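Visitor: Pasting a structure below so you can have a look.
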Amino acid sequence: MSSSIKIISLITVLFTTLCIGIVSARYSDQTLEQRTRMATGPFLSQPTESAKRIINDYFTEIMYVKDEGTALAGFEIVDVNSSNLQDIKVTVRLKYVNGLHLPTTNYSIVPIKNHYQVKKQYCAYDSIPESPTYGSLIGCTYESSDNGFGIQS
């Protein structure tokens, strides 16, 4: 093998490694919501199916990314209401490793800039076994557009 081919091969390997590193760094800087979003044009061509895809990608990533700190074992998309394209509601039933059964919860798919994505939320459930409302949804805190938080029940 001539020295020029060795140099070209080395440069190609280094360039490929650099490109992979740049893409990986860009990907890791994005939030989960940004990584699972969809551009507006393709989304609006099939809003119900697109909302299902976004939710599927969102919860699949939560299940397999261990640093999210969850024990999510699975999920089921129960319903999609795409009648309001500014706030599409997807009803999801989450399944946890410890067998905990929680009620279905609505997640919103909303337009942000030129994409549709899951509206980030944190939900609280009654986890006191002796409580008559054990396992019921107490309320959800969600991130609003001004980076503040609001309560939704």
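Naming works like this for the structure tokens: A, B, ... for the chains as they're shown, residue 1 at the start of each chain, ligands 1 onward in shown order.
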Leaving out Lys52 in chain A and any residue of its chain fewer than 3 positions from it, which residues lie within 9 Å of it when counting only C-alpha atoms, given as a list in words?
Guide: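 In the requested form, the answer reads Pro47, Thr48, Glu49, Ile55, Asn56, Asp57, Ile77, Val80 and Val90 of chain A.
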Visitor: Using only C-alpha atoms for the distances, tell me which of A:Gly135, A:Ala124, A:Cys140, A:Met63 is nearest to Asn106 in chain A.
Guide: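 Among the listed residues, A:Cys140 lies closest to Asn106 in chain A.
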Visitor: Determine, counting only C-alpha atoms, which protein, DNA and RNA residues have an atom within 10 Å of an atom of range 29-32 of chain A; residues of the same chain fewer than 6 positions away are not included. Present the result as a VMD selection string.
Guide: chain A and resid 57 to 59 61 to 62 68 117 to 118 120
Visitor: Which is closest to Ser82 in chain A among A:Thr60, A:Thr104, A:Gln46, A:Asn114, if we use only C-alpha atoms?
Guide: A:Gln46
Visitor: Looking at only C-alpha atoms, which of A:Tyr96, A:Tyr64, A:Phe75, A:Tyr116 is the one that sits closest to Thr40 in chain A?
Guide: A:Tyr116
Visitor: If you measure from CA of Ala39 in chain A to CA of Glu143 in chain A, what distance in Å do you get, rounded to one decimal?
Guide: 20.5 Å
Visitor: DSSP on the backbone: what in range 35-111 of chain A comes out strand (DSSP E or B), as a VMD selection string?
Guide: chain A and resid 38 to 39 72 to 81 88 to 96 101 105 to 111
Visitor: Calculated over only C-alpha atoms, which of the candidates A:Ser45, A:Pro111, A:Ala51, A:Gly74 has the smallest distance to Arg93 in chain A?
Guide: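 Smallest distance to Arg93 in chain A is found for A:Gly74.
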Visitor: Using DSSP secondary structure from the backbone, list all alpha helix (DSSP H) positions within range 52-104 of chain A, as JSON, numbers by chain.
Guide: {"A": [52, 53, 54, 55, 56, 57, 58, 59, 60, 61, 62, 63, 64]}
